Number of protein chains: 2
Amino acid sequence: MNIGDIAKATGITAKMIRYYEDTGLIRPAMRTLSGYRVYSDNDLQTLRFVRRSRDLGFTVKQIDDLLTLWRDRSRASADVKEIALGHVAMLEKKMQELKDMSDTLLHLASHCQGNDRPDCPILKNLGSTEPVAPLPKTRDRRKTRAFDRAR
Amino acid sequence: MNIGDIAKATGITAKMIRYYEDTGLIRPAMRTLSGYRVYSDNDLQTLRFVRRSRDLGFTVKQIDDLLTLWRDRSRASADVKEIALGHVAMLEKKMQELKDMSDTLLHLASHCQGNDRPDCPILKNLGSTEPVAPLPKTRDRRKTRAFDRAR
DNA sequence: GCTTGACCTTCCCACCTTGGGAAGGCGCAC
DNA sequence: GTGCGCCTTCCCAAGGTGGGAAGGTCAAGC
């Protein structure tokens, strides 16, 4: 298989495959006499693994660690689980950050008329000296309701 | 005020302030005879606006648009609201993506023993040919419960 | 007046992942 | 043997941030 074939098969662009090789995530591919990269079924499996890991949001470093464990028949599943749950924790932290931003914006937008007039609590808040997130105290406010009110 | 003072006052590093000036987000600061940048209270306000917008996850381009509206006394609040809600939509899309990743990982991790043995459904899934997210059909599954089960 | 230390200036490099594109070499079908 | 699609390497770009070098400036203290 040439790089184009394996790119189609894995959904990773040829460019990225070369990049992963350059940066050491995957091992250098075999070459034909004329210099073309050639891939085996084994390589295909590896790249599929990379693809799936990437889809789950793992960093290249984490994928590297996972690949190492994957190839290590004497691995402990605890090590894999630790990476996975550590990553989940990071994902949740990010989600929380995004949610805080979103909540603040929805709160501000819900007070904005959204008409031809210039008065706008969103701009007012951004330009003020107060801390950026004067959120309502209510807990578990349903995001969708807030969003509807904001529209 | 020198750049260091305004950096402290806004929480934006001097480096980033110069970068924002270079890229045209903010207008070039006045200079002393010796070339030091000098900032007015007006500049301070602008940079605070930038800081807050950044904290809310707006891109530089969006902050640019918001700044323009901020300075335009004849703006329509609808334009501001549109930017804000558009950004909220993007934030929610990202959150959903992160949530899908997190859910998949929690599901896989909940089936992983996490011990000294090598058997690991996480690796098995990453290395398989199946689509990456074989999620349970149950809806509204509480994330925290899934997380506890995964541990 | 001179030294010192904190600050300022510009300029270059790096991160990470991805895409775009140029210039040139191969492989194969007609 | 010509043409087209693929391959090769190499450079550039993004966004947003940090690091650091080399050199100029300011103010305080002696």
# chains A, B, ... in the order shown; residues from 1 in each chain; ligands from 1
>>> residues_around(residues="B:Glu21", least_positions_apart="3", cutoff="12 Å", atoms="only C-alpha atoms (C1' of nucleotides)", output="list in words")
Ile3, Ala14, Lys15, Met16, Ile17, Arg18, Gly24, Leu25, Ile26, Arg27, Pro28, Ala29, Met30, Arg37, Asp43, Leu47, Val50, Val60 and Asp64 of chain B
>>> calpha_fit_and_write(fixed="chain A", moving="chain B", output="CSV table (one decimal) with N, CA and C atoms, in the first residue's frame")
chain,number,residue,atom,x,y,z
B,1,MET,N,0.8,-1.3,0.0
B,1,MET,CA,0.0,-0.1,0.0
B,1,MET,C,0.9,1.2,0.0
B,2,ASN,N,0.5,2.1,-0.9
B,2,ASN,CA,1.2,3.4,-0.8
B,2,ASN,C,0.6,4.3,0.2
B,3,ILE,N,1.2,5.4,0.4
B,3,ILE,CA,0.7,6.3,1.5
B,3,ILE,C,-0.8,6.8,1.2
B,4,GLY,N,-1.1,7.0,-0.1
B,4,GLY,CA,-2.4,7.4,-0.4
B,4,GLY,C,-3.5,6.4,-0.1
B,5,ASP,N,-3.1,5.1,-0.3
B,5,ASP,CA,-4.1,4.1,0.0
B,5,ASP,C,-4.4,4.0,1.4
B,6,ILE,N,-3.3,4.1,2.2
B,6,ILE,CA,-3.5,3.9,3.7
B,6,ILE,C,-4.1,5.2,4.2
B,7,ALA,N,-3.9,6.3,3.6
B,7,ALA,CA,-4.6,7.5,4.0
B,7,ALA,C,-6.1,7.4,3.8
B,8,LYS,N,-6.5,6.8,2.7
B,8,LYS,CA,-7.9,6.6,2.5
B,8,LYS,C,-8.5,5.6,3.5
B,9,ALA,N,-7.7,4.5,3.7
B,9,ALA,CA,-8.2,3.5,4.6
B,9,ALA,C,-8.3,3.9,6.0
B,10,THR,N,-7.5,4.9,6.4
B,10,THR,CA,-7.6,5.3,7.8
B,10,THR,C,-8.3,6.6,8.1
B,11,GLY,N,-8.4,7.4,7.0
B,11,GLY,CA,-9.0,8.7,7.2
B,11,GLY,C,-8.0,9.7,7.7
B,12,ILE,N,-6.7,9.3,7.8
B,12,ILE,CA,-5.6,10.3,8.2
B,12,ILE,C,-5.0,10.8,6.9
B,13,THR,N,-4.8,12.0,6.7
B,13,THR,CA,-4.2,12.5,5.4
B,13,THR,C,-2.8,12.1,5.3
B,14,ALA,N,-2.3,12.0,4.1
B,14,ALA,CA,-0.9,11.6,3.8
B,14,ALA,C,0.0,12.5,4.5
B,15,LYS,N,-0.4,13.8,4.5
B,15,LYS,CA,0.5,14.8,5.2
B,15,LYS,C,0.6,14.5,6.7
B,16,MET,N,-0.4,14.1,7.3
B,16,MET,CA,-0.3,13.8,8.7
B,16,MET,C,0.4,12.6,9.0
B,17,ILE,N,0.3,11.6,8.1
B,17,ILE,CA,1.0,10.3,8.3
B,17,ILE,C,2.5,10.6,8.2
B,18,ARG,N,2.9,11.4,7.3
B,18,ARG,CA,4.4,11.8,7.2
B,18,ARG,C,4.8,12.6,8.5
B,19,TYR,N,3.9,13.4,8.9
B,19,TYR,CA,4.2,14.2,10.1
B,19,TYR,C,4.3,13.3,11.4
B,20,TYR,N,3.5,12.3,11.5
B,20,TYR,CA,3.6,11.4,12.6
B,20,TYR,C,4.8,10.6,12.5
B,21,GLU,N,5.3,10.3,11.3
B,21,GLU,CA,6.5,9.6,11.1
B,21,GLU,C,7.7,10.5,11.5
B,22,ASP,N,7.7,11.7,11.0
B,22,ASP,CA,8.7,12.7,11.4
B,22,ASP,C,8.9,12.9,12.9
B,23,THR,N,7.8,13.0,13.5
B,23,THR,CA,7.9,13.3,15.0
B,23,THR,C,8.0,12.1,15.8
B,24,GLY,N,8.1,10.9,15.2
B,24,GLY,CA,8.4,9.7,16.0
B,24,GLY,C,7.2,9.0,16.5
B,25,LEU,N,6.0,9.4,16.2
B,25,LEU,CA,4.8,8.7,16.8
B,25,LEU,C,4.7,7.3,16.2
B,26,ILE,N,4.9,7.3,14.9
B,26,ILE,CA,4.9,5.9,14.2
B,26,ILE,C,6.3,5.7,13.7
B,27,ARG,N,6.6,4.4,13.5
B,27,ARG,CA,7.9,4.1,13.0
B,27,ARG,C,8.0,4.3,11.5
B,28,PRO,N,9.2,4.7,11.0
B,28,PRO,CA,9.4,5.0,9.6
B,28,PRO,C,8.9,3.8,8.7
B,29,ALA,N,8.2,4.1,7.7
B,29,ALA,CA,7.7,3.1,6.8
B,29,ALA,C,8.8,2.5,5.9
B,30,MET,N,8.6,1.3,5.5
B,30,MET,CA,9.5,0.7,4.5
B,30,MET,C,9.4,1.6,3.2
B,31,ARG,N,10.5,1.4,2.4
B,31,ARG,CA,10.5,2.2,1.2
B,31,ARG,C,10.7,1.3,0.0
B,32,THR,N,10.2,1.7,-1.2
B,32,THR,CA,10.5,1.0,-2.4
B,32,THR,C,11.9,1.5,-2.9
B,33,LEU,N,12.4,1.0,-3.9
B,33,LEU,CA,13.7,1.4,-4.4
B,33,LEU,C,13.7,2.9,-4.8
B,34,SER,N,12.5,3.3,-5.3
B,34,SER,CA,12.4,4.7,-5.7
B,34,SER,C,12.0,5.6,-4.6
B,35,GLY,N,11.9,5.1,-3.4
B,35,GLY,CA,11.7,6.0,-2.3
B,35,GLY,C,10.2,6.1,-1.8
B,36,TYR,N,9.3,5.5,-2.5
B,36,TYR,CA,7.9,5.5,-2.0
B,36,TYR,C,7.7,4.8,-0.7
B,37,ARG,N,6.9,5.3,0.2
B,37,ARG,CA,6.6,4.6,1.4
B,37,ARG,C,5.7,3.4,1.1
B,38,VAL,N,5.9,2.3,1.8
B,38,VAL,CA,5.1,1.1,1.6
B,38,VAL,C,4.6,0.7,2.9
B,39,TYR,N,3.3,0.4,3.0
B,39,TYR,CA,2.6,0.1,4.3
B,39,TYR,C,2.1,-1.4,4.3
B,40,SER,N,2.3,-2.0,5.4
B,40,SER,CA,1.8,-3.4,5.6
B,40,SER,C,0.4,-3.3,6.3
B,41,ASP,N,-0.2,-4.5,6.4
B,41,ASP,CA,-1.5,-4.6,7.2
B,41,ASP,C,-1.2,-4.2,8.7
B,42,ASN,N,0.0,-4.5,9.1
B,42,ASN,CA,0.3,-4.1,10.5
B,42,ASN,C,0.3,-2.6,10.7
B,43,ASP,N,0.9,-1.9,9.7
B,43,ASP,CA,1.0,-0.5,9.7
B,43,ASP,C,-0.5,0.1,9.7
B,44,LEU,N,-1.3,-0.6,8.9
B,44,LEU,CA,-2.7,-0.2,8.8
B,44,LEU,C,-3.4,-0.2,10.2
B,45,GLN,N,-3.1,-1.3,10.9
B,45,GLN,CA,-3.7,-1.5,12.2
B,45,GLN,C,-3.2,-0.4,13.1
B,46,THR,N,-1.9,-0.1,13.1
B,46,THR,CA,-1.4,0.9,13.9
B,46,THR,C,-2.0,2.3,13.6
B,47,LEU,N,-2.1,2.6,12.4
B,47,LEU,CA,-2.6,3.9,12.0
B,47,LEU,C,-4.1,4.0,12.4
B,48,ARG,N,-4.8,2.9,12.3
B,48,ARG,CA,-6.2,2.9,12.7
B,48,ARG,C,-6.3,3.2,14.2
B,49,PHE,N,-5.4,2.6,14.9
B,49,PHE,CA,-5.4,2.9,16.4
B,49,PHE,C,-5.1,4.3,16.7
B,50,VAL,N,-4.2,4.9,15.9
B,50,VAL,CA,-3.9,6.3,16.0
B,50,VAL,C,-5.1,7.2,15.7
B,51,ARG,N,-5.8,6.8,14.7
B,51,ARG,CA,-7.0,7.5,14.2
B,51,ARG,C,-8.1,7.6,15.3
B,52,ARG,N,-8.3,6.4,15.9
B,52,ARG,CA,-9.3,6.3,16.9
B,52,ARG,C,-8.9,7.1,18.1
B,53,SER,N,-7.7,7.0,18.5
B,53,SER,CA,-7.2,7.7,19.7
B,53,SER,C,-7.4,9.2,19.5
B,54,ARG,N,-7.0,9.6,18.3
B,54,ARG,CA,-7.1,11.0,17.9
B,54,ARG,C,-8.6,11.5,18.0
B,55,ASP,N,-9.5,10.6,17.5
B,55,ASP,CA,-10.9,11.0,17.6
B,55,ASP,C,-11.4,11.1,19.0
B,56,LEU,N,-10.7,10.4,19.9
B,56,LEU,CA,-11.1,10.5,21.3
B,56,LEU,C,-10.4,11.7,22.0
B,57,GLY,N,-9.7,12.5,21.2
B,57,GLY,CA,-9.1,13.7,21.8
B,57,GLY,C,-7.8,13.5,22.5
B,58,PHE,N,-7.2,12.4,22.4
B,58,PHE,CA,-5.9,12.2,23.1
B,58,PHE,C,-4.8,13.0,22.4
B,59,THR,N,-3.9,13.5,23.1
B,59,THR,CA,-2.8,14.3,22.5
B,59,THR,C,-1.8,13.3,21.9
B,60,VAL,N,-0.9,13.8,21.1
B,60,VAL,CA,0.1,12.9,20.4
B,60,VAL,C,0.9,12.1,21.5
B,61,LYS,N,1.3,12.8,22.5
B,61,LYS,CA,2.0,12.2,23.6
B,61,LYS,C,1.3,11.0,24.2
B,62,GLN,N,0.0,11.3,24.5
B,62,GLN,CA,-0.8,10.2,25.1
B,62,GLN,C,-1.0,9.0,24.1
B,63,ILE,N,-1.1,9.4,22.8
B,63,ILE,CA,-1.3,8.3,21.8
B,63,ILE,C,0.0,7.5,21.8
B,64,ASP,N,1.1,8.2,21.9
B,64,ASP,CA,2.4,7.5,22.0
B,64,ASP,C,2.4,6.5,23.1
B,65,ASP,N,2.0,7.0,24.3
B,65,ASP,CA,2.0,6.1,25.5
B,65,ASP,C,1.0,4.9,25.3
B,66,LEU,N,-0.1,5.2,24.7
B,66,LEU,CA,-1.1,4.2,24.5
B,66,LEU,C,-0.6,3.1,23.5
B,67,LEU,N,0.1,3.6,22.4
B,67,LEU,CA,0.7,2.7,21.5
B,67,LEU,C,1.7,1.8,22.1
B,68,THR,N,2.5,2.3,23.0
B,68,THR,CA,3.5,1.5,23.7
B,68,THR,C,2.8,0.4,24.5
B,69,LEU,N,1.8,0.8,25.2
B,69,LEU,CA,1.1,-0.2,26.0
B,69,LEU,C,0.4,-1.2,25.1
B,70,TRP,N,-0.1,-0.7,24.0
B,70,TRP,CA,-0.8,-1.6,23.1
B,70,TRP,C,0.1,-2.7,22.6
B,71,ARG,N,1.4,-2.3,22.3
B,71,ARG,CA,2.3,-3.3,21.8
B,71,ARG,C,2.9,-4.2,22.9
B,72,ASP,N,2.8,-3.7,24.1
B,72,ASP,CA,3.4,-4.4,25.3
B,72,ASP,C,2.5,-5.5,25.8
B,73,ARG,N,2.8,-6.8,25.5
B,73,ARG,CA,1.9,-7.8,25.9
B,73,ARG,C,1.8,-8.0,27.4
B,74,SER,N,2.8,-7.5,28.1
B,74,SER,CA,2.8,-7.7,29.6
B,74,SER,C,2.4,-6.4,30.3
B,75,ARG,N,1.7,-5.6,29.6
B,75,ARG,CA,1.2,-4.3,30.2
B,75,ARG,C,0.2,-4.6,31.3
B,76,ALA,N,0.0,-3.6,32.2
B,76,ALA,CA,-1.1,-3.7,33.2
B,76,ALA,C,-2.3,-2.9,32.7
B,77,SER,N,-3.5,-3.4,32.7
B,77,SER,CA,-4.6,-2.6,32.3
B,77,SER,C,-4.8,-1.4,33.1
B,78,ALA,N,-4.3,-1.4,34.3
B,78,ALA,CA,-4.4,-0.2,35.2
B,78,ALA,C,-3.7,1.0,34.6
B,79,ASP,N,-2.6,0.7,33.9
B,79,ASP,CA,-1.9,1.9,33.3
B,79,ASP,C,-2.7,2.5,32.1
B,80,VAL,N,-3.4,1.6,31.4
B,80,VAL,CA,-4.3,2.1,30.3
B,80,VAL,C,-5.4,2.9,30.9
B,81,LYS,N,-6.0,2.4,31.9
B,81,LYS,CA,-7.2,3.0,32.5
B,81,LYS,C,-6.8,4.3,33.1
B,82,GLU,N,-5.6,4.4,33.7
B,82,GLU,CA,-5.2,5.7,34.3
B,82,GLU,C,-5.1,6.8,33.2
B,83,ILE,N,-4.5,6.4,32.1
B,83,ILE,CA,-4.4,7.4,31.0
B,83,ILE,C,-5.8,7.8,30.5
B,84,ALA,N,-6.7,6.8,30.4
B,84,ALA,CA,-8.0,7.1,29.9
B,84,ALA,C,-8.8,8.0,30.9
B,85,LEU,N,-8.7,7.7,32.1
B,85,LEU,CA,-9.5,8.5,33.1
B,85,LEU,C,-8.8,9.9,33.3
B,86,GLY,N,-7.5,9.9,33.2
B,86,GLY,CA,-6.8,11.2,33.3
B,86,GLY,C,-7.3,12.1,32.2
B,87,HIS,N,-7.4,11.5,31.0
B,87,HIS,CA,-7.9,12.3,29.9
B,87,HIS,C,-9.4,12.7,30.1
B,88,VAL,N,-10.1,11.8,30.6
B,88,VAL,CA,-11.5,12.2,30.9
B,88,VAL,C,-11.6,13.4,31.8
B,89,ALA,N,-10.7,13.4,32.8
B,89,ALA,CA,-10.7,14.5,33.8
B,89,ALA,C,-10.4,15.8,33.1
B,90,MET,N,-9.5,15.7,32.1
B,90,MET,CA,-9.1,16.9,31.4
B,90,MET,C,-10.3,17.4,30.5
B,91,LEU,N,-10.9,16.4,29.9
B,91,LEU,CA,-12.1,16.7,29.0
B,91,LEU,C,-13.2,17.4,29.9
B,92,GLU,N,-13.4,16.9,31.1
B,92,GLU,CA,-14.4,17.5,31.9
B,92,GLU,C,-14.1,18.9,32.4
B,93,LYS,N,-12.8,19.1,32.6
B,93,LYS,CA,-12.3,20.4,33.0
B,93,LYS,C,-12.6,21.4,31.9
B,94,LYS,N,-12.3,21.0,30.7
B,94,LYS,CA,-12.5,21.8,29.6
B,94,LYS,C,-14.0,22.1,29.4
B,95,MET,N,-14.8,21.1,29.5
B,95,MET,CA,-16.2,21.2,29.4
B,95,MET,C,-16.7,22.2,30.4
B,96,GLN,N,-16.2,22.1,31.6
B,96,GLN,CA,-16.7,23.1,32.6
B,96,GLN,C,-16.3,24.5,32.3
B,97,GLU,N,-15.1,24.7,31.7
B,97,GLU,CA,-14.7,26.0,31.4
B,97,GLU,C,-15.6,26.6,30.3
B,98,LEU,N,-15.9,25.7,29.3
B,98,LEU,CA,-16.8,26.2,28.2
B,98,LEU,C,-18.2,26.5,28.7
B,99,LYS,N,-18.6,25.6,29.7
B,99,LYS,CA,-20.0,25.8,30.2
B,99,LYS,C,-20.0,27.2,31.0
B,100,ASP,N,-19.0,27.5,31.7
B,100,ASP,CA,-19.0,28.7,32.4
B,100,ASP,C,-19.1,29.9,31.5
B,101,MET,N,-18.3,29.8,30.4
B,101,MET,CA,-18.4,30.9,29.4
B,101,MET,C,-19.8,31.0,28.8
B,102,SER,N,-20.3,29.9,28.4
B,102,SER,CA,-21.6,29.8,27.8
B,102,SER,C,-22.7,30.4,28.7
B,103,ASP,N,-22.6,29.9,30.0
B,103,ASP,CA,-23.6,30.4,31.0
B,103,ASP,C,-23.6,31.9,31.1
B,104,THR,N,-22.4,32.4,31.2
B,104,THR,CA,-22.2,33.9,31.4
B,104,THR,C,-22.8,34.6,30.2
B,105,LEU,N,-22.5,34.1,29.0
B,105,LEU,CA,-22.9,34.8,27.8
B,105,LEU,C,-24.4,34.7,27.7
B,106,LEU,N,-25.0,33.6,28.0
B,106,LEU,CA,-26.4,33.4,27.9
B,106,LEU,C,-27.1,34.3,28.9
B,107,HIS,N,-26.5,34.4,30.1
B,107,HIS,CA,-27.1,35.4,31.1
B,107,HIS,C,-27.1,36.8,30.5
B,108,LEU,N,-26.0,37.2,30.0
B,108,LEU,CA,-25.9,38.6,29.5
B,108,LEU,C,-26.8,38.7,28.3
B,109,ALA,N,-26.8,37.8,27.4
B,109,ALA,CA,-27.7,37.9,26.2
B,109,ALA,C,-29.2,37.9,26.5
B,110,SER,N,-29.5,37.3,27.6
B,110,SER,CA,-30.9,37.2,28.0
B,110,SER,C,-31.4,38.6,28.4
B,111,HIS,N,-30.5,39.5,28.8
B,111,HIS,CA,-30.9,40.8,29.1
B,111,HIS,C,-30.7,41.8,28.0
B,112,CYS,N,-30.3,41.3,26.9
B,112,CYS,CA,-30.1,42.2,25.7
B,112,CYS,C,-31.3,42.2,24.8
B,113,GLN,N,-31.8,43.4,24.5
B,113,GLN,CA,-33.0,43.5,23.7
B,113,GLN,C,-32.8,42.9,22.3
B,114,GLY,N,-31.6,43.1,21.7
B,114,GLY,CA,-31.3,42.5,20.4
B,114,GLY,C,-32.1,43.3,19.3
B,115,ASN,N,-32.1,44.6,19.4
B,115,ASN,CA,-32.9,45.4,18.4
B,115,ASN,C,-32.0,46.4,17.8
B,116,ASP,N,-32.6,47.5,17.3
B,116,ASP,CA,-31.8,48.5,16.6
B,116,ASP,C,-31.1,49.5,17.5
B,117,ARG,N,-31.6,49.5,18.8
B,117,ARG,CA,-31.0,50.4,19.8
B,117,ARG,C,-29.6,50.0,20.1
B,118,PRO,N,-28.8,51.0,20.6
B,118,PRO,CA,-27.4,50.7,20.9
B,118,PRO,C,-27.2,50.2,22.3
B,119,ASP,N,-28.2,50.3,23.2
B,119,ASP,CA,-28.0,49.9,24.6
B,119,ASP,C,-27.8,48.3,24.6
B,120,CYS,N,-26.7,47.9,25.3
B,120,CYS,CA,-26.4,46.5,25.2
B,120,CYS,C,-25.7,46.1,26.5
B,121,PRO,N,-26.4,45.3,27.3
B,121,PRO,CA,-25.7,44.8,28.6
B,121,PRO,C,-24.5,44.0,28.3
B,122,ILE,N,-24.4,43.4,27.2
B,122,ILE,CA,-23.3,42.5,26.9
B,122,ILE,C,-22.0,43.4,26.8
B,123,LEU,N,-22.1,44.4,25.9
B,123,LEU,CA,-21.0,45.3,25.8
B,123,LEU,C,-20.7,46.1,27.1
B,124,LYS,N,-21.8,46.4,27.8
B,124,LYS,CA,-21.7,47.1,29.0
B,124,LYS,C,-20.8,46.3,30.0
B,125,ASN,N,-21.2,45.0,30.1
B,125,ASN,CA,-20.4,44.2,31.0
B,125,ASN,C,-19.0,44.0,30.5
B,126,LEU,N,-18.8,43.8,29.3
B,126,LEU,CA,-17.4,43.6,28.8
B,126,LEU,C,-16.6,44.8,29.1
B,127,GLY,N,-17.2,46.0,29.0
B,127,GLY,CA,-16.4,47.2,29.2
B,127,GLY,C,-16.4,47.7,30.7
B,128,SER,N,-17.0,47.0,31.5
B,128,SER,CA,-17.0,47.4,32.9
B,128,SER,C,-15.8,46.9,33.7
B,129,THR,N,-15.7,47.3,35.0
B,129,THR,CA,-14.6,46.9,35.8
B,129,THR,C,-14.9,45.7,36.7
B,130,GLU,N,-16.2,45.3,36.7
B,130,GLU,CA,-16.6,44.2,37.5
B,130,GLU,C,-16.0,42.9,37.0
B,131,PRO,N,-15.9,41.9,37.9
B,131,PRO,CA,-15.6,40.6,37.4
B,131,PRO,C,-16.5,40.1,36.3
B,132,VAL,N,-16.0,39.3,35.5
B,132,VAL,CA,-16.7,39.1,34.2
B,132,VAL,C,-17.9,38.2,34.3
B,133,ALA,N,-18.1,37.5,35.4
B,133,ALA,CA,-19.2,36.5,35.4
B,133,ALA,C,-20.2,36.7,36.6
B,134,PRO,N,-21.1,37.7,36.5
B,134,PRO,CA,-22.1,37.9,37.5
B,134,PRO,C,-23.2,37.0,37.3
B,135,LEU,N,-23.0,35.7,37.6
B,135,LEU,CA,-24.0,34.7,37.3
B,135,LEU,C,-25.2,34.7,38.3
B,136,PRO,N,-26.3,34.3,37.9
B,136,PRO,CA,-27.4,34.1,38.8
B,136,PRO,C,-27.1,33.0,39.8
B,137,LYS,N,-27.6,33.1,41.0
B,137,LYS,CA,-27.2,32.1,42.0
B,137,LYS,C,-27.9,30.7,41.8
B,138,THR,N,-29.0,30.8,41.1
B,138,THR,CA,-29.8,29.6,40.9
B,138,THR,C,-28.9,28.4,40.4
B,139,ARG,N,-29.1,27.3,40.9
B,139,ARG,CA,-28.3,26.1,40.5
B,139,ARG,C,-29.1,25.3,39.5
B,140,ASP,N,-28.4,24.5,38.8
B,140,ASP,CA,-29.0,23.5,37.9
B,140,ASP,C,-30.0,24.1,36.9
B,141,ARG,N,-29.7,25.4,36.7
B,141,ARG,CA,-30.5,26.1,35.6
B,141,ARG,C,-30.4,25.4,34.3
B,142,ARG,N,-31.5,25.0,33.7
B,142,ARG,CA,-31.4,24.3,32.4
B,142,ARG,C,-30.9,25.2,31.3
B,143,LYS,N,-29.8,24.8,30.8
B,143,LYS,CA,-29.1,25.6,29.7
B,143,LYS,C,-30.1,26.0,28.6
B,144,THR,N,-31.0,25.0,28.2
B,144,THR,CA,-31.8,25.3,27.1
B,144,THR,C,-32.8,26.4,27.4
B,145,ARG,N,-33.3,26.4,28.6
B,145,ARG,CA,-34.3,27.4,29.0
B,145,ARG,C,-33.6,28.8,28.9
B,146,ALA,N,-32.4,28.8,29.5
B,146,ALA,CA,-31.6,30.1,29.4
B,146,ALA,C,-31.4,30.5,28.0
B,147,PHE,N,-31.1,29.6,27.2
B,147,PHE,CA,-30.8,29.9,25.8
B,147,PHE,C,-32.1,30.4,25.1
B,148,ASP,N,-33.2,29.8,25.4
B,148,ASP,CA,-34.5,30.3,24.8
B,148,ASP,C,-34.8,31.7,25.3
B,149,ARG,N,-34.5,32.0,26.5
B,149,ARG,CA,-34.8,33.3,27.1
B,149,ARG,C,-33.9,34.3,26.4
B,150,ALA,N,-32.6,33.9,26.1
B,150,ALA,CA,-31.7,34.8,25.5
B,150,ALA,C,-32.0,35.2,24.1
B,151,ARG,N,-32.7,34.3,23.4
B,151,ARG,CA,-33.0,34.6,22.0
B,151,ARG,C,-34.0,35.7,21.8
>>> closest_atom_pairs(of="chain D", to="chain A", cutoff="12 Å", atoms="only C-alpha atoms (C1' of nucleotides)", output="CSV")
residue,atom,partner,partner_atom,distance
D:DG5,C1',A:Gly4,CA,11.1
D:DC6,C1',A:Gly4,CA,8.0
D:DC7,C1',A:Tyr36,CA,6.2
D:DT8,C1',A:Gly35,CA,7.3
D:DT9,C1',A:Arg18,CA,10.9
>>> residues_around(residues="D:DC26", least_positions_apart="2", cutoff="12 Å", atoms="only C-alpha atoms (C1' of nucleotides)", output="compact mmCIF listing (two decimals) with N, CA and C atoms (P, O5', C5', C4', C3', O3' and C1' of nucleotides), in the first residue's frame")
# COMPACT_ATOMS: atom_id res chain seq x y z
N ASN B 2 3.41 52.66 31.65
CA ASN B 2 4.22 51.85 30.75
C ASN B 2 3.53 50.51 30.50
N SER B 34 11.98 58.17 23.82
CA SER B 34 12.94 57.06 23.78
C SER B 34 12.31 55.77 23.26
N TYR B 36 9.48 54.13 24.43
CA TYR B 36 8.62 53.35 25.34
C TYR B 36 7.15 53.57 24.98
P DT C 4 28.22 48.11 39.29
O5' DT C 4 26.76 47.71 39.83
C5' DT C 4 26.21 48.41 40.95
C4' DT C 4 24.71 48.25 40.95
C3' DT C 4 24.18 47.02 40.20
O3' DT C 4 23.18 46.43 41.00
C1' DT C 4 23.08 48.96 39.43
P DG C 5 22.90 44.86 40.90
O5' DG C 5 21.31 44.85 40.81
C5' DG C 5 20.57 45.75 41.61
C4' DG C 5 19.27 46.09 40.92
C3' DG C 5 18.63 44.92 40.16
O3' DG C 5 17.24 44.96 40.42
C1' DG C 5 18.87 46.75 38.72
P DA C 6 16.30 43.71 40.06
O5' DA C 6 14.97 44.44 39.57
C5' DA C 6 14.63 45.71 40.12
C4' DA C 6 13.90 46.53 39.06
C3' DA C 6 12.97 45.70 38.17
O3' DA C 6 11.75 46.42 38.01
C1' DA C 6 14.44 46.92 36.83
P DC C 7 10.46 45.66 37.43
O5' DC C 7 10.38 46.18 35.92
C5' DC C 7 9.96 47.50 35.70
C4' DC C 7 10.54 47.99 34.41
C3' DC C 7 9.95 47.40 33.15
O3' DC C 7 8.83 48.18 32.74
C1' DC C 7 12.27 47.95 32.97
P DC C 8 7.90 47.69 31.55
O5' DC C 8 8.73 48.08 30.24
C5' DC C 8 8.76 49.43 29.81
C4' DC C 8 9.78 49.58 28.71
C3' DC C 8 9.49 48.77 27.45
O3' DC C 8 8.65 49.51 26.58
C1' DC C 8 11.81 48.73 28.02
P DG D 24 22.78 49.87 22.61
O5' DG D 24 21.49 50.61 23.16
C5' DG D 24 20.46 50.96 22.23
C4' DG D 24 19.25 51.45 23.00
C3' DG D 24 19.53 52.67 23.89
O3' DG D 24 18.41 53.54 23.82
C1' DG D 24 18.68 50.90 25.19
P DA D 28 13.38 57.62 41.84
O5' DA D 28 13.90 56.64 43.01
C5' DA D 28 13.99 55.25 42.76
C4' DA D 28 15.27 54.69 43.39
C3' DA D 28 15.79 55.52 44.58
O3' DA D 28 16.21 54.64 45.60
C1' DA D 28 17.49 55.29 42.97
>>> interface_residues(of="chain C", to="chain A", cutoff="10 Å", atoms="only C-alpha atoms (C1' of nucleotides)", output="PyMOL selection string")
chain C and resi 16-19+25-26
>>> atom_distance(atom1="atom C1' of D:DG3", atom2="atom C1' of C:DG27")
11.9 Å
>>> select_by_dssp(residues="chain B", states="strand (DSSP E)", output="short mmCIF file (atom, residue, chain, number, x, y, z; two decimals) with N, CA and C atoms, in the first residue's frame")
data_model
loop_
_atom_site.label_atom_id
_atom_site.label_comp_id
_atom_site.auth_asym_id
_atom_site.auth_seq_id
_atom_site.Cartn_x
_atom_site.Cartn_y
_atom_site.Cartn_z
N MET B 30 0.88 55.24 22.04
CA MET B 30 1.76 56.40 21.97
C MET B 30 3.16 55.97 22.43
N ARG B 31 4.14 56.77 22.05
CA ARG B 31 5.50 56.44 22.47
C ARG B 31 6.16 57.65 23.12
N ARG B 37 6.38 52.49 25.04
CA ARG B 37 4.93 52.64 24.84
C ARG B 37 4.31 53.28 26.08
N VAL B 38 3.36 54.18 25.84
CA VAL B 38 2.68 54.85 26.94
C VAL B 38 1.17 54.64 26.78
#
